[in-house]
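Peer 1: The following block contains the structure, expressed as structure tokens.
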Amino acid sequence: MGMKWFGRLILGLYALLIAAPLYFVVVSSFKMTQRFFASPLGWPKPFTFGNFEGIFKGQTMGKYFFNSVEVTLGTVVIELALGSLIAYAIFRFGGLIAKLVFGIFLAGLIVPSQVNMLPIYSLTHKLGWSDDLYGLVLVSVAMLMPLTVFMLKGFMQVLNKEILEAGSIDGASEWKLYARIALPLSAPSLAATATFLFVMVWNDLLIPMLLINSKSKLTLPLAMLQFRGEYMTDYPMLLTGVVITAVPMVVMFLFLQRYFVAGVMAGSLKG
Amino acid sequence: MSHNRSVLWLFLLPGTLLYLALFMVPTLYGLFYSFTDWDGISPSYQLVGLNNYAKTLHNIVFQKALWNNTKFMLAVVIAQTVISLALALLLVKNKKINVFLRALYFFPTILSSVAVGLIWSFMYDPSLGLINTLLKEIGLGAYGQNWIGGVKIALYAIAGVQVWAHAGQMMIVFVAGLHAIPEELYEAARIDGGNRFQIFRKVTWPLLAPSATIVIAYTTIQSFKAFDLIFTMTDGGPNYATEILTTYIYHTAFANYSFGMASAGSVLFLILLSVLTILQFKALRADRVSY
């Protein structure tokens, strides 16, 4: 009996430890700055949307938000398209070719983006791609390719070789086998990979930081760092930015929880 | 069949070319820069052999960063493994409330490190921050700290944030491991009259070893590669107290304009990381148990 209550106590305290900061972040974003300074823990009085209005009006927040959407969607779609083609080809080839191709991508898994930041920076500057959102998409796609191939290859092992063989004997083209059989059968794993990539790209700081410098092209994590500079301790404003950045991921998390957990698990364990 | 094969090569082509051009080739360039005295801007540079490596290894900030990396890693690995295991054991049953709590604990994983860093800068703020304010409210104001502004505890304060953000993720790994243990083993142990602690020691713990290895290995590498959180919260300060290898590389390149030196630092960082990764794979292989 004692054990049981001790366990519940721990769970309750940990829930508080996770929820309390999140609660105060959200509450603070509805507070006027003066009210916040007077009572950092109190309830917002008046309860105001002023910070949200201010941040979207005065700032180019809408622009940053749209930049993030554009970069994230672009990266994830291209990544999945190219990555699933590679994973499918590796699966169909089998044997030595599959091992070699897969090995090339495996090698990239060991190299984290922090090691690559200097050469990526100088390469993109040489190519004149710096400060270009399309350049950012392409570099992000390349950087995430090892992980994507790794995840999708693992997922595609569940495909049935015989079905594909049968289809190919019946004269179905490789493209049809890929599009009509392989993709639909691996839909849940594609969904898991996609949600994982969404989290990675939406939240990424390093690659955008290396490539983007003009203010109109910032993505949300970069914009938040700028806010920190501008609003040093105007926490209500700063935390409003945090809330706006988090909302899309929260909404996705609520609807796609299963895929989220599967994707983040697979990605983290292999990364 | 041969026709199909050429189509498969076409499938491989676009993604692989992009990856080679924008990932692999730059990596090799990075290796090359580490043997030069390039500042990152000038059109010309000279080959300096292993000079950068010798200078890096003797650099006091580099050594400090390496030591900070080690301390940060140990703190995160120990705290995160213990906490995620405890939570998993308490939440393993699929009751409704447990499913809810698991989702809540997992939630911080999906926030960006910048967001997490800003949230906790707010929590840790010495005058307005929640932690010091709370301590004051309950009469323990004397324990208030300049959490990330103090040389002594800043690194551990950030380690705590890292654990806050990722313990829930590792908890899920343990929960999956626990679910894979066959129920009959527990029944047999109970029939044999084992108490709670004996059952944990004889059944749960040995069969959970693979999950524990995964958690420890992942957490080790993850904390070794930390960058965003420290960059957001302290940027290596105060007085290098939170400087780790990744921030050292960043500062060497973009604040001191020593691209060659920074590249040598990157290569050394990669070597250390590879050693950790190889150890991870070894440990994972050795720890496969069957039941």
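Labels for the structure tokens follow display order: chains A, B, ..., residues from 1 in each chain, ligands from 1.
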Quick one: everything within 10 Å of A:Phe102, counting only C-alpha atoms, minus sequence neighbours fewer than 4 positions away in the same chain. Send it as number ranges by chain.
Peer 2: A: 86-87, 90-91, 96-98, 106-107, 146, 149-150, 153
Peer 1: Where does chain A meet chain B within 6 Å, residue by residue, with the nearest atom pair and distance in Å to one decimal for each, counting only C-alpha atoms, listed by chain and rising number, as CSV?
Peer 2:
```
residue,atom,partner,partner_atom,distance
A:Leu82,CA,B:Gly15,CA,5.1
A:Leu85,CA,B:Phe11,CA,5.3
A:Ile86,CA,B:Leu12,CA,4.9
A:Ala89,CA,B:Leu8,CA,5.4
A:Val115,CA,B:Ser266,CA,5.1
A:Asn116,CA,B:Thr27,CA,5.9
A:Pro119,CA,B:Pro26,CA,5.1
A:Ala142,CA,B:Tyr19,CA,4.6
A:Asn203,CA,B:Ser112,CA,4.5
A:Val242,CA,B:Ala115,CA,5.5
```
Peer 1: Can you list every residue of stretch 50-162 of chain A that has an atom at most 12 Å from stretch 234-239 of chain A, with its nearest atom pair and the distance in Å to one decimal, using only C-alpha atoms, ordered by chain then number, as JSON lines?
Peer 2:
```
{"residue": "A:Gly50", "atom": "CA", "partner": "A:Met237", "partner_atom": "CA", "distance": 9.4}
{"residue": "A:Asn51", "atom": "CA", "partner": "A:Met237", "partner_atom": "CA", "distance": 5.8}
{"residue": "A:Phe52", "atom": "CA", "partner": "A:Met237", "partner_atom": "CA", "distance": 8.1}
{"residue": "A:Glu53", "atom": "CA", "partner": "A:Met237", "partner_atom": "CA", "distance": 10.4}
{"residue": "A:Gly54", "atom": "CA", "partner": "A:Met237", "partner_atom": "CA", "distance": 8.5}
{"residue": "A:Ile55", "atom": "CA", "partner": "A:Met237", "partner_atom": "CA", "distance": 7.3}
{"residue": "A:Phe56", "atom": "CA", "partner": "A:Met237", "partner_atom": "CA", "distance": 11.0}
{"residue": "A:Gly58", "atom": "CA", "partner": "A:Met237", "partner_atom": "CA", "distance": 11.7}
{"residue": "A:Gln59", "atom": "CA", "partner": "A:Met237", "partner_atom": "CA", "distance": 11.1}
{"residue": "A:Met61", "atom": "CA", "partner": "A:Met237", "partner_atom": "CA", "distance": 11.9}
```
Peer 1: Output C-alpha atoms of each residue in that selection to a file, as an mmCIF file, in the first residue's frame.
Peer 2:
```cif
data_model
loop_
_atom_site.group_PDB
_atom_site.id
_atom_site.type_symbol
_atom_site.label_atom_id
_atom_site.label_comp_id
_atom_site.auth_asym_id
_atom_site.auth_seq_id
_atom_site.Cartn_x
_atom_site.Cartn_y
_atom_site.Cartn_z
ATOM 1 C CA GLY A 50 -2.428 41.945 -27.075
ATOM 2 C CA ASN A 51 0.887 40.096 -27.228
ATOM 3 C CA PHE A 52 -0.312 37.949 -30.103
ATOM 4 C CA GLU A 53 -1.653 40.972 -31.958
ATOM 5 C CA GLY A 54 1.510 42.916 -31.258
ATOM 6 C CA ILE A 55 3.789 40.145 -32.388
ATOM 7 C CA PHE A 56 1.909 39.604 -35.647
ATOM 8 C CA GLY A 58 4.706 44.980 -35.404
ATOM 9 C CA GLN A 59 6.884 42.013 -36.192
ATOM 10 C CA MET A 61 5.839 37.062 -37.412
#
```
Peer 1: Give me, please, the distance in Å between atom CA of B:Met73 and atom CA of B:Ser223, quoted to one decimal.
Peer 2: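 Taking atom CA of B:Met73 as the start and atom CA of B:Ser223 as the end point, the length is 5.4 Å.
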Peer 1: What lies within 10 Å of A:Ala191 using only C-alpha atoms, ignoring chain neighbours under 3 positions off, as a VMD selection string?
Peer 2: chain A and resid 80 186 to 188 194 to 197 256 258 to 260 262 to 263
Peer 1: May I have the residues from that selection written out with C-alpha atoms, as a short mmCIF file (atom, residue, chain, number, x, y, z; two decimals), in the first residue's frame?
Peer 2:
```cif
data_model
loop_
_atom_site.label_atom_id
_atom_site.label_comp_id
_atom_site.auth_asym_id
_atom_site.auth_seq_id
_atom_site.Cartn_x
_atom_site.Cartn_y
_atom_site.Cartn_z
CA LEU A 80 10.15 11.38 -48.42
CA SER A 186 4.34 1.08 -46.10
CA ALA A 187 1.97 4.01 -45.50
CA PRO A 188 2.05 3.80 -41.68
CA ALA A 194 7.07 12.11 -41.99
CA THR A 195 6.03 13.22 -38.50
CA PHE A 196 9.58 12.68 -37.28
CA LEU A 197 10.97 14.78 -40.12
CA LEU A 256 -0.99 11.87 -34.78
CA ARG A 258 0.86 7.21 -32.41
CA TYR A 259 2.95 8.15 -35.45
CA PHE A 260 4.79 10.78 -33.49
CA ALA A 262 6.83 5.67 -33.47
CA GLY A 263 8.72 8.16 -35.62
#
```
Peer 1: Enter the distance from atom CA of A:Asp132 to atom CA of B:Asp37, in Å, rounded to one decimal.
Peer 2: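 Straight-line distance from atom CA of A:Asp132 to atom CA of B:Asp37 works out to 28.5 Å.
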Peer 1: Could you check which of A:Tyr14, A:Phe198, A:Trp129, A:Phe105 is closest to A:Val71, using only C-alpha atoms?
Peer 2: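 Checking each of A:Tyr14, A:Phe198, A:Trp129, A:Phe105 against A:Val71, counting only C-alpha atoms, the winner is A:Phe198.
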Peer 1: Give the helix (DSSP H, G or I) residues of stretch 19-171 of chain A, as DSSP finds them on the backbone, and put them as number ranges by chain.
Peer 2: A: 19-29, 33-38, 50-57, 61-93, 95-110, 113-127, 133-156, 161-169
Peer 1: Generate the output file for the selected residues, C-alpha atoms, as a short mmCIF file (atom, residue, chain, number, x, y, z; two decimals), in the first residue's frame.
Peer 2:
```
data_model
loop_
_atom_site.label_atom_id
_atom_site.label_comp_id
_atom_site.auth_asym_id
_atom_site.auth_seq_id
_atom_site.Cartn_x
_atom_site.Cartn_y
_atom_site.Cartn_z
CA ALA A 19 3.19 20.79 -16.84
CA ALA A 20 4.05 23.77 -14.62
CA PRO A 21 6.57 25.45 -16.96
CA LEU A 22 4.25 24.87 -19.91
CA TYR A 23 1.31 26.29 -17.95
CA PHE A 24 3.21 29.44 -17.01
CA VAL A 25 4.45 29.93 -20.55
CA VAL A 26 0.91 29.84 -21.93
CA VAL A 27 -0.53 31.97 -19.12
CA SER A 28 2.23 34.58 -19.46
CA SER A 29 1.54 34.97 -23.17
CA THR A 33 3.90 43.15 -19.53
CA GLN A 34 3.23 45.38 -16.48
CA ARG A 35 0.98 42.75 -14.95
CA PHE A 36 3.69 40.17 -15.48
CA PHE A 37 6.28 42.25 -13.64
CA ALA A 38 3.86 42.94 -10.80
CA GLY A 50 -2.43 41.94 -27.08
CA ASN A 51 0.89 40.10 -27.23
CA PHE A 52 -0.31 37.95 -30.10
CA GLU A 53 -1.65 40.97 -31.96
CA GLY A 54 1.51 42.92 -31.26
CA ILE A 55 3.79 40.15 -32.39
CA PHE A 56 1.91 39.60 -35.65
CA LYS A 57 1.44 43.31 -36.35
CA MET A 61 5.84 37.06 -37.41
CA GLY A 62 3.41 36.02 -40.13
CA LYS A 63 6.32 36.01 -42.54
CA TYR A 64 8.51 33.90 -40.22
CA PHE A 65 5.68 31.49 -39.70
CA PHE A 66 5.16 31.16 -43.43
CA ASN A 67 8.92 30.72 -44.02
CA SER A 68 8.94 27.84 -41.54
CA VAL A 69 5.89 26.25 -43.15
CA GLU A 70 7.44 26.56 -46.59
CA VAL A 71 10.82 25.15 -45.59
CA THR A 72 9.33 22.34 -43.50
CA LEU A 73 6.76 21.22 -46.05
CA GLY A 74 9.26 21.47 -48.90
CA THR A 75 11.93 19.52 -47.06
CA VAL A 76 9.62 16.77 -45.81
CA VAL A 77 7.94 16.20 -49.18
CA ILE A 78 11.20 16.06 -51.16
CA GLU A 79 12.89 14.02 -48.44
CA LEU A 80 10.15 11.38 -48.42
CA ALA A 81 9.95 11.21 -52.20
CA LEU A 82 13.70 10.78 -52.74
CA GLY A 83 14.26 8.72 -49.61
CA SER A 84 11.49 6.22 -50.33
CA LEU A 85 12.76 5.75 -53.89
CA ILE A 86 16.21 4.96 -52.50
CA ALA A 87 14.87 2.64 -49.81
CA TYR A 88 12.72 0.86 -52.38
CA ALA A 89 15.61 0.45 -54.80
CA ILE A 90 17.87 -0.89 -52.03
CA PHE A 91 15.17 -3.37 -51.10
CA ARG A 92 14.64 -4.51 -54.71
CA PHE A 93 18.31 -4.74 -55.58
CA GLY A 95 22.73 -8.42 -52.41
CA LEU A 96 25.98 -6.56 -52.83
CA ILE A 97 24.58 -3.46 -54.56
CA ALA A 98 22.09 -2.92 -51.75
CA LYS A 99 24.87 -3.30 -49.17
CA LEU A 100 27.12 -0.82 -50.94
CA VAL A 101 24.46 1.83 -51.48
CA PHE A 102 23.17 1.45 -47.96
CA GLY A 103 26.73 1.67 -46.66
CA ILE A 104 27.21 5.05 -48.31
CA PHE A 105 24.25 6.38 -46.36
CA LEU A 106 25.23 4.59 -43.16
CA ALA A 107 28.55 6.42 -43.22
CA GLY A 108 26.66 9.70 -43.13
CA LEU A 109 24.75 8.65 -40.02
CA ILE A 110 27.86 9.02 -37.90
CA SER A 113 25.36 18.35 -38.53
CA GLN A 114 27.57 20.12 -35.97
CA VAL A 115 30.62 18.60 -37.62
CA ASN A 116 29.40 19.58 -41.05
CA MET A 117 28.48 23.15 -40.22
CA LEU A 118 31.73 24.73 -41.42
CA PRO A 119 31.98 23.04 -44.83
CA ILE A 120 28.24 23.49 -45.43
CA TYR A 121 28.59 27.16 -44.59
CA SER A 122 31.48 27.73 -46.97
CA LEU A 123 29.97 25.60 -49.75
CA THR A 124 26.64 27.39 -49.74
CA HIS A 125 28.37 30.75 -49.70
CA LYS A 126 30.50 29.73 -52.67
CA LEU A 127 27.41 28.56 -54.55
CA LEU A 133 15.08 29.39 -48.57
CA TYR A 134 15.27 26.93 -51.49
CA GLY A 135 18.95 26.41 -50.76
CA LEU A 136 17.98 25.77 -47.15
CA VAL A 137 15.48 23.13 -48.28
CA LEU A 138 18.04 21.32 -50.44
CA VAL A 139 20.73 21.35 -47.75
CA SER A 140 18.22 20.12 -45.14
CA VAL A 141 17.12 17.32 -47.46
CA ALA A 142 20.74 16.24 -47.94
CA MET A 143 21.54 16.39 -44.23
CA LEU A 144 18.53 14.27 -43.25
CA MET A 145 18.96 11.73 -46.06
CA PRO A 146 21.03 9.17 -44.10
CA LEU A 147 18.50 9.03 -41.28
CA THR A 148 15.53 8.92 -43.66
CA VAL A 149 17.01 6.10 -45.74
CA PHE A 150 17.85 4.23 -42.55
CA MET A 151 14.32 4.54 -41.18
CA LEU A 152 12.54 3.77 -44.46
CA LYS A 153 14.82 0.87 -45.30
CA GLY A 154 14.06 -0.67 -41.93
CA PHE A 155 10.36 -0.14 -42.48
CA MET A 156 10.38 -1.52 -46.03
CA LYS A 161 9.28 -9.79 -51.93
CA GLU A 162 6.97 -12.34 -53.57
CA ILE A 163 4.19 -9.86 -54.25
CA LEU A 164 6.66 -7.56 -55.97
CA GLU A 165 8.19 -10.45 -57.94
CA ALA A 166 4.74 -11.60 -59.01
CA GLY A 167 3.84 -8.09 -60.07
CA SER A 168 7.02 -7.74 -62.05
CA ILE A 169 6.45 -11.08 -63.83
#
```
Peer 1: Could you jot down the atom CA of A:Leu13 to atom CA of B:Leu207 separation for me, Å, one decimal place?
Peer 2: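 Separating atom CA of A:Leu13 from atom CA of B:Leu207 is a distance of 28.3 Å.
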Peer 1: Calculated over only C-alpha atoms, which of the candidates B:Trp147, B:Phe72, B:Tyr186, B:Phe35 has the smallest distance to B:Tyr124?
Peer 2: B:Trp147
Peer 1: At a cut-off of 8 Å, using only C-alpha atoms, what residues contact stretch 153-157 of chain B? Leave out same-chain residues fewer than 3 positions from it and give the result as a list in words.
Peer 2: Asn68, Phe72, Ala75, Trp147, Ile148, Gly149, Gly150, Gly160, Val161, Ala241 and Thr242 of chain B
